[in-house]
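Read through the structure below, which is laid out as structure tokens, and then see the notes.
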Amino acid sequence: MEDNIKLGAKAFDKMMFTLAEPVTEANHKKYQFEDYEMMEIAPKIWAMPVYMTADDDFTLFFIITKIDTGETVMAFSQGVSELDGEFNLSQPMNTGTGLNLLEKHDQTRAEAVLNYLKQLEKNSQGTWRMVAESEEN
């Protein structure tokens with residue numbers, strides 16, 4: 001991860017976690033976070049809750065997909081309950097943006113998710129990078 005960029009800092013919003021390989025049916029279980037497991041929600045798009053409790057309307061999910069650069073990223077989306085009872089996911093956001101959002105809501109949980117990503121990095125399963133200005137639109 002970039003030096004001196006910490007969870008909660010505005011600069012952390014521009015950090016993206018990229019996976020060394022795409023998530024597939026064959027390997028999705030190795031990305032398990034606590035009791036949560038990846039689920040394919042659309043072709044080649046995987047999701048997994050990182051914050052979801054019965055007594056809180058705030059929810060946050062990892063969204064894993066390939067982006068225009070060809071990289072497979074672990075972005076975040078918020079869960080949104082619609083008036084008709086449907087549950088949808090918001091527009092994906094950078095890994096750092098999602099973690100900063102979670103940190104404002106539940107710092108302990110945000111630190112646990114960050115440690116999960118650090119473990120993936122340590123195991124050479126992913127890396128952090130700064131999002132270029134051209135990728136932010």
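Identifiers in the structure tokens: chain A, B, ... in order shown; residue index from 1 per chain; ligand index from 1 in order shown.
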What are the closest atom pairs, with distances in Å to one decimal, for each residue of range 42-79 of chain A lying within 10 Å of range 124-131 of chain A, using only C-alpha atoms, rows by chain and rising residue number, as JSON lines?
```
{"residue": "A:Thr72", "atom": "CA", "partner": "A:Gly126", "partner_atom": "CA", "distance": 9.3}
{"residue": "A:Val73", "atom": "CA", "partner": "A:Gly126", "partner_atom": "CA", "distance": 8.9}
{"residue": "A:Met74", "atom": "CA", "partner": "A:Gly126", "partner_atom": "CA", "distance": 9.3}
```
Practice task
Would you list the contacts of Leu102 in chain A as number ranges by chain, taking every protein, DNA or RNA residue within 12 Å and counting only C-alpha atoms, but skipping same-chain residues closer than 2 positions in sequence?
Solution key: A: 7-8, 13, 50-52, 58-62, 76-78, 95-100, 104-114
Exercise for the section: Run DSSP on the backbone and grab whatever in chain A lands in helix (DSSP H, G or I); send it over as a PyMOL selection string. Expected result: chain A and resi 10-14+28-31+95-105+107-122+133-135
